[in-house]
Structures are given as C-alpha cells and as structure tokens.
$ cat upload_9.cif   # mmCIF, C-alpha atoms and all ligand atoms
data_upload
loop_
_atom_site.label_atom_id
_atom_site.label_comp_id
_atom_site.auth_asym_id
_atom_site.auth_seq_id
_atom_site.Cartn_x
_atom_site.Cartn_y
_atom_site.Cartn_z
CA MET A 7 106.53 108.15 76.34
CA THR A 8 103.58 109.94 77.92
CA PHE A 9 100.99 107.90 75.97
CA GLU A 10 101.96 104.45 77.31
CA THR A 11 99.10 104.54 79.75
CA SER A 12 95.67 103.04 80.35
CA ARG A 13 92.46 103.98 78.56
CA GLU A 14 91.06 105.05 81.95
CA ALA A 15 93.90 107.54 82.59
CA TYR A 16 93.57 108.93 79.05
CA ASP A 17 89.79 109.21 79.19
CA ALA A 18 89.86 111.10 82.49
CA PHE A 19 92.49 113.48 81.11
CA MET A 20 91.71 114.01 77.40
CA GLY A 21 89.22 111.36 76.31
CA ARG A 22 86.24 113.28 77.67
CA ASN A 23 87.08 116.05 75.18
CA ALA A 24 88.23 113.69 72.40
CA ASP A 25 84.96 111.69 72.59
CA LEU A 26 82.99 114.91 72.01
CA LEU A 27 85.32 116.13 69.27
CA ALA A 28 85.18 112.91 67.21
CA PRO A 29 81.67 113.36 65.72
CA ARG A 30 82.61 116.93 64.76
CA LEU A 31 85.72 115.79 62.91
CA ILE A 32 83.78 112.96 61.22
CA ALA A 33 81.17 115.47 59.98
CA PHE A 34 83.84 117.98 58.90
CA ALA A 35 85.65 115.27 56.88
CA GLY A 36 82.35 114.12 55.34
CA VAL A 37 82.72 110.43 56.24
CA GLN A 38 79.82 108.41 54.79
CA PRO A 39 78.34 105.05 55.86
CA GLY A 40 80.39 102.26 54.29
CA ASP A 41 83.49 104.41 53.66
CA HIS A 42 86.87 102.78 54.27
CA VAL A 43 88.54 104.94 56.90
CA VAL A 44 91.86 105.00 58.77
CA ASP A 45 92.29 106.66 62.18
CA VAL A 46 95.95 107.68 62.50
CA GLY A 47 97.22 108.14 66.08
CA CYS A 48 94.02 106.52 67.30
CA GLY A 49 94.84 106.46 71.03
CA PRO A 50 92.39 104.28 72.97
CA GLY A 51 89.66 104.86 70.36
CA SER A 52 87.70 108.09 70.90
CA LEU A 53 87.45 108.48 67.12
CA THR A 54 87.69 104.83 66.06
CA GLU A 55 84.49 103.87 67.89
CA PRO A 56 82.14 106.40 66.22
CA LEU A 57 83.84 105.73 62.87
CA ALA A 58 83.03 102.03 63.28
CA ASP A 59 79.44 102.89 64.25
CA LEU A 60 79.08 104.88 61.02
CA ALA A 61 81.18 102.96 58.49
CA GLY A 62 81.11 99.46 59.99
CA PRO A 63 84.08 98.10 62.00
CA GLU A 64 85.27 95.96 59.08
CA HIS A 65 85.78 99.20 57.12
CA VAL A 66 87.84 100.89 59.83
CA ALA A 67 91.61 100.72 60.40
CA ALA A 68 93.50 102.43 63.21
CA ILE A 69 97.12 102.80 64.24
CA ASP A 70 99.08 104.19 67.20
CA PRO A 71 102.68 103.79 68.40
CA SER A 72 101.46 103.23 71.97
CA GLU A 73 101.00 99.49 72.52
CA SER A 74 98.69 100.05 75.49
CA PHE A 75 96.45 102.42 73.49
CA ALA A 76 96.34 100.12 70.46
CA ALA A 77 95.39 97.19 72.71
CA ALA A 78 92.67 99.24 74.44
CA ASN A 79 91.31 100.36 71.07
CA ALA A 80 91.26 96.80 69.68
CA GLU A 81 89.23 95.78 72.73
CA ARG A 82 86.92 98.80 72.39
CA VAL A 83 86.23 98.30 68.66
CA PRO A 84 86.09 94.56 67.83
CA GLY A 85 86.42 93.91 64.11
CA ALA A 86 88.49 97.01 63.34
CA ASP A 87 92.03 96.55 61.96
CA VAL A 88 94.04 98.09 64.83
CA ARG A 89 97.84 98.15 64.47
CA VAL A 90 100.85 99.42 66.44
CA GLY A 91 102.86 101.90 64.35
CA ALA A 92 103.48 105.51 63.40
CA ALA A 93 101.95 107.91 60.89
CA GLU A 94 105.30 108.36 59.17
CA SER A 95 105.28 104.74 57.96
CA LEU A 96 101.74 103.41 57.51
CA PRO A 97 101.46 99.65 56.89
CA TRP A 98 98.68 99.82 54.26
CA PRO A 99 99.04 99.90 50.46
CA ALA A 100 98.32 103.02 48.41
CA ASP A 101 94.66 103.91 47.74
CA SER A 102 93.34 101.69 50.58
CA PHE A 103 90.91 104.21 52.09
CA ASP A 104 88.29 106.83 51.24
CA VAL A 105 89.24 108.97 54.24
CA ALA A 106 92.27 109.30 56.56
CA LEU A 107 91.82 111.15 59.86
CA ALA A 108 94.17 112.23 62.63
CA GLN A 109 92.51 113.69 65.73
CA LEU A 110 94.86 115.60 68.08
CA VAL A 111 97.90 113.82 66.61
CA VAL A 112 99.71 116.05 64.09
CA ASN A 113 101.64 117.83 66.86
CA PHE A 114 102.94 114.52 68.20
CA MET A 115 104.24 113.18 64.89
CA SER A 116 108.04 113.18 64.76
CA ASP A 117 107.78 114.38 61.13
CA ALA A 118 104.35 115.82 60.33
CA ASP A 119 105.14 116.34 56.63
CA ALA A 120 106.03 112.65 56.32
CA GLY A 121 102.94 111.66 58.34
CA ILE A 122 100.53 113.66 56.15
CA ALA A 123 102.28 112.39 52.99
CA GLU A 124 101.62 108.85 54.23
CA MET A 125 97.97 109.65 54.98
CA ARG A 126 97.68 111.03 51.44
CA ARG A 127 99.35 107.92 49.95
CA VAL A 128 96.88 105.48 51.54
CA VAL A 129 93.81 107.47 50.42
CA ARG A 130 92.37 106.93 46.91
CA PRO A 131 92.19 109.81 44.41
CA GLY A 132 89.21 111.99 45.32
CA GLY A 133 89.32 110.87 48.96
CA VAL A 134 89.83 113.12 51.99
CA VAL A 135 92.69 113.66 54.46
CA ALA A 136 91.59 115.60 57.57
CA ALA A 137 92.90 116.40 61.04
CA CYS A 138 92.42 118.67 64.00
CA THR A 139 94.66 120.03 66.75
CA TRP A 140 93.81 121.98 69.91
CA ASP A 141 93.78 125.76 69.99
CA TYR A 142 96.48 125.92 72.66
CA SER A 143 96.47 129.73 72.57
CA GLY A 144 93.18 130.02 74.43
CA GLY A 145 90.29 128.00 73.00
CA MET A 146 91.30 124.80 74.80
CA THR A 147 90.33 126.08 78.25
CA MET A 148 91.41 123.02 80.26
CA LEU A 149 95.00 123.21 78.96
CA ARG A 150 95.18 127.02 78.72
CA THR A 151 94.19 127.36 82.39
CA PHE A 152 96.80 124.76 83.36
CA TRP A 153 99.66 126.34 81.39
CA ASP A 154 98.79 129.89 82.48
CA ALA A 155 98.90 128.68 86.08
CA ALA A 156 102.16 126.81 85.44
CA LEU A 157 103.78 129.85 83.79
CA SER A 158 102.82 132.10 86.70
CA LEU A 159 104.88 129.82 88.98
CA ASP A 160 107.59 128.79 86.51
CA PRO A 161 108.33 131.03 83.50
CA GLU A 162 110.18 128.10 81.88
CA ALA A 163 107.14 125.79 81.94
CA PRO A 164 106.80 124.06 78.54
CA ASP A 165 103.52 125.75 77.52
CA GLU A 166 102.10 123.79 74.58
CA VAL A 167 101.33 126.98 72.68
CA ARG A 168 105.14 127.28 72.43
CA THR A 169 106.11 123.62 72.07
CA MET A 170 103.45 122.55 69.54
CA LEU A 171 104.16 123.54 65.93
CA TYR A 172 100.70 123.06 64.42
CA ASN A 173 98.60 125.26 66.64
CA ASP A 174 96.75 127.59 64.28
CA PRO A 175 94.66 127.23 61.10
CA ASP A 176 97.24 128.85 58.81
CA VAL A 177 100.07 126.50 59.81
CA LEU A 178 97.79 123.49 59.33
CA ARG A 179 96.69 124.80 55.96
CA GLU A 180 100.33 125.21 54.89
CA LEU A 181 101.04 121.63 55.96
CA TRP A 182 98.12 120.38 53.85
CA LEU A 183 99.22 122.45 50.84
CA ARG A 184 102.80 121.13 51.13
CA ALA A 185 101.32 117.61 50.95
CA GLU A 186 99.72 118.67 47.63
CA LEU A 187 96.21 118.16 48.91
CA GLU A 188 93.53 120.08 47.03
CA ALA A 189 90.42 122.09 47.97
CA VAL A 190 91.98 122.70 51.41
CA GLU A 191 89.54 124.09 53.99
CA ASN A 192 89.73 125.01 57.68
CA ASP A 193 87.16 125.18 60.43
CA ALA A 194 86.98 125.56 64.20
CA LEU A 195 85.41 122.64 66.07
CA VAL A 196 84.09 123.56 69.53
CA VAL A 197 83.08 121.14 72.28
CA GLU A 198 82.21 121.54 75.96
CA ALA A 199 83.30 118.96 78.53
CA SER A 200 81.83 118.57 82.01
CA TYR A 201 83.72 118.24 85.30
CA ARG A 202 82.06 116.93 88.46
CA ASP A 203 84.17 119.23 90.64
CA PHE A 204 87.67 120.72 90.82
CA ASP A 205 89.29 117.37 91.68
CA ASP A 206 87.75 115.87 88.55
CA TYR A 207 89.68 118.58 86.65
CA TRP A 208 92.93 118.33 88.59
CA GLU A 209 93.46 114.64 89.37
CA PRO A 210 93.83 113.54 85.70
CA PHE A 211 96.89 115.84 85.35
CA THR A 212 98.61 113.69 87.98
CA GLY A 213 98.22 110.57 85.78
CA GLY A 214 101.22 111.55 83.66
CA VAL A 215 99.32 111.64 80.34
CA GLY A 216 100.51 113.95 77.55
CA PRO A 217 102.82 116.97 77.97
CA ALA A 218 100.78 118.55 80.81
CA GLY A 219 100.68 115.26 82.70
CA ALA A 220 104.41 114.74 82.18
CA TYR A 221 105.10 118.25 83.49
CA THR A 222 102.90 117.70 86.56
CA SER A 223 104.68 114.41 87.30
CA SER A 224 108.07 116.18 87.09
CA LEU A 225 107.22 118.62 89.91
CA ASP A 226 108.12 118.16 93.56
CA PRO A 227 105.13 117.86 95.94
CA ASP A 228 105.23 121.52 97.09
CA HIS A 229 105.36 122.88 93.56
CA ARG A 230 102.62 120.49 92.45
CA ALA A 231 100.40 121.64 95.33
CA ALA A 232 101.03 125.29 94.41
CA LEU A 233 100.10 124.57 90.78
CA ARG A 234 96.93 122.81 91.90
CA GLU A 235 95.88 125.84 93.96
CA GLU A 236 96.71 128.26 91.14
CA CYS A 237 94.56 126.21 88.73
CA ARG A 238 91.73 126.25 91.25
CA ARG A 239 91.99 130.02 91.66
CA ARG A 240 92.02 130.59 87.88
CA LEU A 241 88.90 128.43 87.48
CA GLY A 242 87.10 130.66 90.00
CA ASP A 243 87.37 128.21 92.95
CA PRO A 244 84.50 126.07 91.62
CA ASP A 245 82.10 124.63 94.15
CA GLY A 246 80.59 121.62 92.37
CA ALA A 247 80.19 120.82 88.69
CA PHE A 248 81.33 123.06 85.83
CA MET A 249 81.87 122.99 82.06
CA LEU A 250 84.93 123.99 80.04
CA SER A 251 84.87 124.66 76.31
CA ALA A 252 87.58 123.38 73.99
CA THR A 253 88.26 124.62 70.46
CA ALA A 254 90.17 122.57 67.89
CA TRP A 255 91.46 123.82 64.54
CA ALA A 256 90.44 121.45 61.76
CA VAL A 257 91.81 121.10 58.24
CA ARG A 258 90.74 118.92 55.33
CA GLY A 259 91.92 118.42 51.77
CA ARG A 260 91.22 116.18 48.81
CA VAL A 261 93.64 113.76 47.12
CA SER A 262 94.03 114.72 43.47
C1 LIG B 1 96.36 113.42 72.23
S1 LIG B 1 96.46 111.74 71.73
C2 LIG B 1 95.10 111.62 70.59
C3 LIG B 1 94.55 110.21 70.52
C4 LIG B 1 93.24 110.06 69.73
N1 LIG B 1 93.42 110.41 68.34
C5 LIG B 1 92.13 110.86 70.33
O1 LIG B 1 91.55 111.71 69.65
O2 LIG B 1 91.82 110.65 71.51
C6 LIG B 1 97.87 111.74 70.66
C7 LIG B 1 98.15 110.36 70.10
O3 LIG B 1 99.18 110.44 69.10
C8 LIG B 1 99.93 109.26 69.18
N2 LIG B 1 101.19 109.46 68.45
C9 LIG B 1 102.36 109.94 68.91
N3 LIG B 1 103.28 109.95 67.92
C10 LIG B 1 102.67 109.48 66.82
C11 LIG B 1 103.10 109.22 65.47
N4 LIG B 1 104.34 109.48 65.08
N5 LIG B 1 102.21 108.68 64.61
C12 LIG B 1 100.94 108.43 65.00
N6 LIG B 1 100.49 108.65 66.26
C13 LIG B 1 101.34 109.16 67.15
C14 LIG B 1 100.07 109.03 70.66
O4 LIG B 1 100.51 107.73 70.98
C15 LIG B 1 98.66 109.35 71.12
O5 LIG B 1 97.83 108.22 71.12
#

$ encode --input "upload_9.cif" --output "structure tokens"
Amino acid sequence: MTFETSREAYDAFMGRNADLLAPRLIAFAGVQPGDHVVDVGCGPGSLTEPLADLAGPEHVAAIDPSESFAAANAERVPGADVRVGAAESLPWPADSFDVALAQLVVNFMSDADAGIAEMRRVVRPGGVVAACTWDYSGGMTMLRTFWDAALSLDPEAPDEVRTMLYNDPDVLRELWLRAELEAVENDALVVEASYRDFDDYWEPFTGGVGPAGAYTSSLDPDHRAALREECRRRLGDPDGAFMLSATAWAVRGRVS
C-alpha cells in the first residue's frame, strides 16, 4: 500500500499539485455554497479542505482506504464526516449528496465501474458526479519527466501512462457513459507547482508515495542515484527555483 503514509510525505510529493487542482475541480463540478458533497479517495484532504470552506464542513463527507490519510484529513477538516473505506462500497444511503468528487483516484480504484456506480448511487437525481486524473502522457510534467528518465535506464519501468487505465478524456467519458450519467462533459485542468530547487523535486520520490515512489524505493542505491541524475538532466540541471505544469483530464456528468 503506497498510500499508508503521512500527510507531510504526500504533500511534498503530490499534495502541492493536488492543493492547486482542487479549486479547479470544484469549479468544473459547479459545487455551490451549502451543497452536500462527498470527496471519494480523499487522501489527506487537498480537496476536502476547500470543499469545507465553500460548503461548510458539516456538509462535507470524505472517504479513503488509507487509515493514515483518513486520520490526517479528519484532523485537517474538523466537522467533516471522514471515513475509512473504498469507492466500490460507499457507506452512505442513496441520494445523500448534491455532488460526488474523486480527485486523482479513479486509476487507483480496484473496480472503477463499481466505484463510479457507487458515486452515482449516493448523489440525488440532478446532482453531479465528477473526477479528474493526471495526463500521464505528457501534461503532468513532474511524473512524465520521472518516467521518461526511468525508462531510459530501465525499459521495463512501470510507466503510469501504461499502467493507468483512465488516462485520457475519451476513456473517462466512456466510464461516465457506462455509469449512465447524463450531459457528460470533459475539460483539461492545468496547474503549475513550484519547486525550491532540484532536491525539492527529487526527495519526495524517495518517500515511497504512489507508484513512482514505490518504484524509487525498489531500486538499489546505484540505480536510484542514476535515476536522480537523469531526472536532473531532463529538467535542465536547474539552479534554484523552478515551476512545473501539470494537466489533469476532468469529466463530469449528471444523475438522471
Ligand atoms: C493520488 S491520491 C489522491 C488523494 C486526494 N484525492 C488528492 O487529490 O490529493 C489517490 C488516493 O486514492 C485512494 N484510493 C486507493 N484505492 C481507492 C479505492 N478503491 N477507493 C477510494 N480511494 C482509493 C488512495 O488511498 C489515495 O488516497
């Protein structure tokens, strides 16, 4: 389990992008003040926190199979209903929410069709189910740079563009249509995260978070050092602070 980790390790690795992405997904889904909202696969709360700011924490529920992430989120967003559990079996009755969101989660569900069907079940008729996933093919620069570097040293490296099923707008749209959601629409959400220096980019990969972190942890010290240098070279050997853009594919649909 590469998500049984601390909020700090997650934030350094992915949270800096997820925090920026959350307001974009909230706007894309059309969440309104006072809406009842559920954040599925909430992690340590990058999306839950701004949802609570907008809708009120008592209107926000969140769930994640990682006990450490759920605990961190409950601490981050007092008053929200934070549970431990999976998308495929949500613990809320039908029609509980106006909006269900899953930010950077669909690819990690063991059964995405079942997960989206559950999100649809807990949303009232006329409500919205929305999600986003990274553009692993190129738009998510932090990960693309890492996997291109990894592949140059190890052709068998588990590049997420290959291992993640829901990595383009058409596949997400198909998933939403299979769940019988209506008025399905796609968009690209683009954010730009800042890095103090190269180490601020590299060190979080060594924390073991997510597939890239798990891969880094699996390498012997020499191979890890070679990967580090290849990432540095591909980033243009940065001297000081830099920014990297990250594109996510978003999809939304309405419950009939
Ligand atoms: C990349 S993180 C995204 C976390 C958070 N949504 C964010 O935007 O920062 C992926 C999350 O999906 C969770 N996850 C994995 N399998 C899941 C499942 N079957 N149902 C719901 N969440 C799951 C992980 O525990 C992890 O917190």

$ residues_near_ligand --input "upload_9.cif" --ligand "ligand LIG 1 (chain B)" --cutoff "6 Å" --atoms "all atoms listed in the file" --output "tab-separated table (two decimals) with C-alpha atoms, in the coordinates of the input"
chain	number	residue	atom	x	y	z
A	9	PHE	CA	100.99	107.90	75.97
A	21	GLY	CA	89.22	111.36	76.31
A	24	ALA	CA	88.23	113.69	72.40
A	46	VAL	CA	95.95	107.68	62.50
A	47	GLY	CA	97.22	108.14	66.08
A	48	CYS	CA	94.02	106.52	67.30
A	49	GLY	CA	94.84	106.46	71.03
A	52	SER	CA	87.70	108.09	70.90
A	53	LEU	CA	87.45	108.48	67.12
A	70	ASP	CA	99.08	104.19	67.20
A	71	PRO	CA	102.68	103.79	68.40
A	72	SER	CA	101.46	103.23	71.97
A	92	ALA	CA	103.48	105.51	63.40
A	93	ALA	CA	101.95	107.91	60.89
A	109	GLN	CA	92.51	113.69	65.73
A	110	LEU	CA	94.86	115.60	68.08
A	111	VAL	CA	97.90	113.82	66.61
A	114	PHE	CA	102.94	114.52	68.20
A	115	MET	CA	104.24	113.18	64.89
A	116	SER	CA	108.04	113.18	64.76

$ residues_around --input "upload_9.cif" --residues "Val134 of chain A" --least-positions-apart "2" --cutoff "9 Å" --atoms "only C-alpha atoms" --output "PyMOL selection string"
chain A and resi 35-37+103-107+126+129-132+136+187+258-261

$ closest_residue --input "upload_9.cif" --among "A:Ala155, A:Val257, A:Ala231, A:Val215" --to "Val190 of chain A" --atoms "all atoms listed in the file"
A:Val257

$ atom_distance --input "upload_9.cif" --atom1 "atom CA of Glu191 of chain A" --atom2 "atom CA of Arg127 of chain A"
19.3 Å

$ closest_residue --input "upload_9.cif" --among "A:Glu188, A:Glu10, A:Asp154, A:Asp119" --to "Glu236 of chain A" --atoms "all atoms listed in the file"
A:Asp154

$ closest_residue --input "upload_9.cif" --among "A:Thr151, A:Ser251, A:Thr54, A:Asn173" --to "Arg239 of chain A" --atoms "all atoms listed in the file"
A:Thr151

$ atom_distance --input "upload_9.cif" --atom1 "atom CA of Val167 of chain A" --atom2 "atom CA of Ala252 of chain A"
14.3 Å

$ residues_around --input "upload_9.cif" --residues "Glu94 of chain A" --least-positions-apart "3" --cutoff "10 Å" --atoms "only C-alpha atoms" --output "PyMOL selection string"
chain A and resi 46+91+97+115-125

$ residues_near_point --input "upload_9.cif" --point "(104.6, 116.7, 72.7)" --cutoff "10 Å" --atoms "all atoms listed in the file" --output "MDAnalysis selection string"
chainID A and resid 7:8 111:116 164 166 169:171 216:218 220

$ atom_distance --input "upload_9.cif" --atom1 "atom CA of Ala67 of chain A" --atom2 "atom CA of Ala18 of chain A"
24.5 Å

$ residues_near_point --input "upload_9.cif" --point "(97.2, 126.4, 63.2)" --cutoff "9 Å" --atoms "all atoms listed in the file" --output "list in words"
Thr139, Trp140, Asp141, Leu171, Tyr172, Asn173, Asp174, Pro175, Asp176, Val177, Leu178, Arg179, Glu180, Trp255 and Ala256 of chain A

$ decode --input "upload_9.cif" --residues "segment 68-80 of chain A" --atoms "all heavy atoms" --output "compact mmCIF listing (two decimals), in the first residue's frame"
# COMPACT_ATOMS: atom_id res chain seq x y z
N ALA A 68 -16.07 12.51 3.43
CA ALA A 68 -14.86 12.11 2.72
C ALA A 68 -14.52 10.69 3.12
O ALA A 68 -14.83 10.26 4.23
CB ALA A 68 -13.70 13.05 3.08
N ILE A 69 -13.87 9.97 2.19
CA ILE A 69 -13.56 8.56 2.47
C ILE A 69 -12.29 8.17 1.75
O ILE A 69 -12.03 8.63 0.63
CB ILE A 69 -14.75 7.66 2.06
CG1 ILE A 69 -14.54 6.22 2.56
CG2 ILE A 69 -15.01 7.69 0.56
CD1 ILE A 69 -15.82 5.40 2.57
N ASP A 70 -11.48 7.32 2.41
CA ASP A 70 -10.25 6.82 1.81
C ASP A 70 -9.90 5.50 2.49
O ASP A 70 -10.06 5.36 3.70
CB ASP A 70 -9.10 7.82 2.01
CG ASP A 70 -7.96 7.59 1.03
OD1 ASP A 70 -7.22 6.59 1.22
OD2 ASP A 70 -7.81 8.38 0.08
N PRO A 71 -9.38 4.52 1.72
CA PRO A 71 -8.99 3.26 2.35
C PRO A 71 -7.75 3.37 3.23
O PRO A 71 -7.50 2.49 4.06
CB PRO A 71 -8.73 2.32 1.17
CG PRO A 71 -8.61 3.18 -0.03
CD PRO A 71 -9.29 4.47 0.26
N SER A 72 -6.96 4.43 3.04
CA SER A 72 -5.75 4.61 3.85
C SER A 72 -6.13 5.19 5.22
O SER A 72 -6.64 6.31 5.30
CB SER A 72 -4.77 5.54 3.13
OG SER A 72 -3.84 6.09 4.05
N GLU A 73 -5.83 4.41 6.27
CA GLU A 73 -6.18 4.89 7.62
C GLU A 73 -5.39 6.14 7.98
O GLU A 73 -5.91 7.05 8.61
CB GLU A 73 -5.93 3.78 8.65
CG GLU A 73 -6.92 2.64 8.48
CD GLU A 73 -6.85 1.62 9.60
OE1 GLU A 73 -6.19 1.90 10.61
OE2 GLU A 73 -7.45 0.55 9.41
N SER A 74 -4.12 6.18 7.57
CA SER A 74 -3.30 7.35 7.93
C SER A 74 -3.82 8.61 7.22
O SER A 74 -3.86 9.69 7.80
CB SER A 74 -1.82 7.10 7.63
OG SER A 74 -1.65 6.76 6.27
N PHE A 75 -4.23 8.46 5.96
CA PHE A 75 -4.76 9.62 5.22
C PHE A 75 -6.10 10.07 5.81
O PHE A 75 -6.35 11.27 5.97
CB PHE A 75 -4.94 9.30 3.74
CG PHE A 75 -3.67 9.38 2.92
CD1 PHE A 75 -3.68 9.06 1.57
CD2 PHE A 75 -2.48 9.80 3.49
CE1 PHE A 75 -2.53 9.15 0.81
CE2 PHE A 75 -1.31 9.88 2.73
CZ PHE A 75 -1.34 9.55 1.39
N ALA A 76 -6.98 9.10 6.12
CA ALA A 76 -8.28 9.48 6.68
C ALA A 76 -8.08 10.21 8.01
O ALA A 76 -8.75 11.22 8.27
CB ALA A 76 -9.15 8.24 6.85
N ALA A 77 -7.15 9.72 8.82
CA ALA A 77 -6.89 10.37 10.12
C ALA A 77 -6.35 11.78 9.92
O ALA A 77 -6.76 12.74 10.59
CB ALA A 77 -5.92 9.53 10.94
N ALA A 78 -5.43 11.93 8.96
CA ALA A 78 -4.86 13.26 8.69
C ALA A 78 -5.94 14.21 8.18
O ALA A 78 -5.97 15.40 8.53
CB ALA A 78 -3.73 13.15 7.66
N ASN A 79 -6.85 13.69 7.36
CA ASN A 79 -7.92 14.53 6.81
C ASN A 79 -8.89 14.94 7.91
O ASN A 79 -9.33 16.10 7.96
CB ASN A 79 -8.64 13.79 5.69
CG ASN A 79 -9.48 14.69 4.83
OD1 ASN A 79 -9.36 15.92 4.92
ND2 ASN A 79 -10.31 14.12 3.99
N ALA A 80 -9.23 14.00 8.80
CA ALA A 80 -10.16 14.33 9.89
C ALA A 80 -9.56 15.44 10.78
O ALA A 80 -10.28 16.33 11.24
CB ALA A 80 -10.45 13.09 10.72
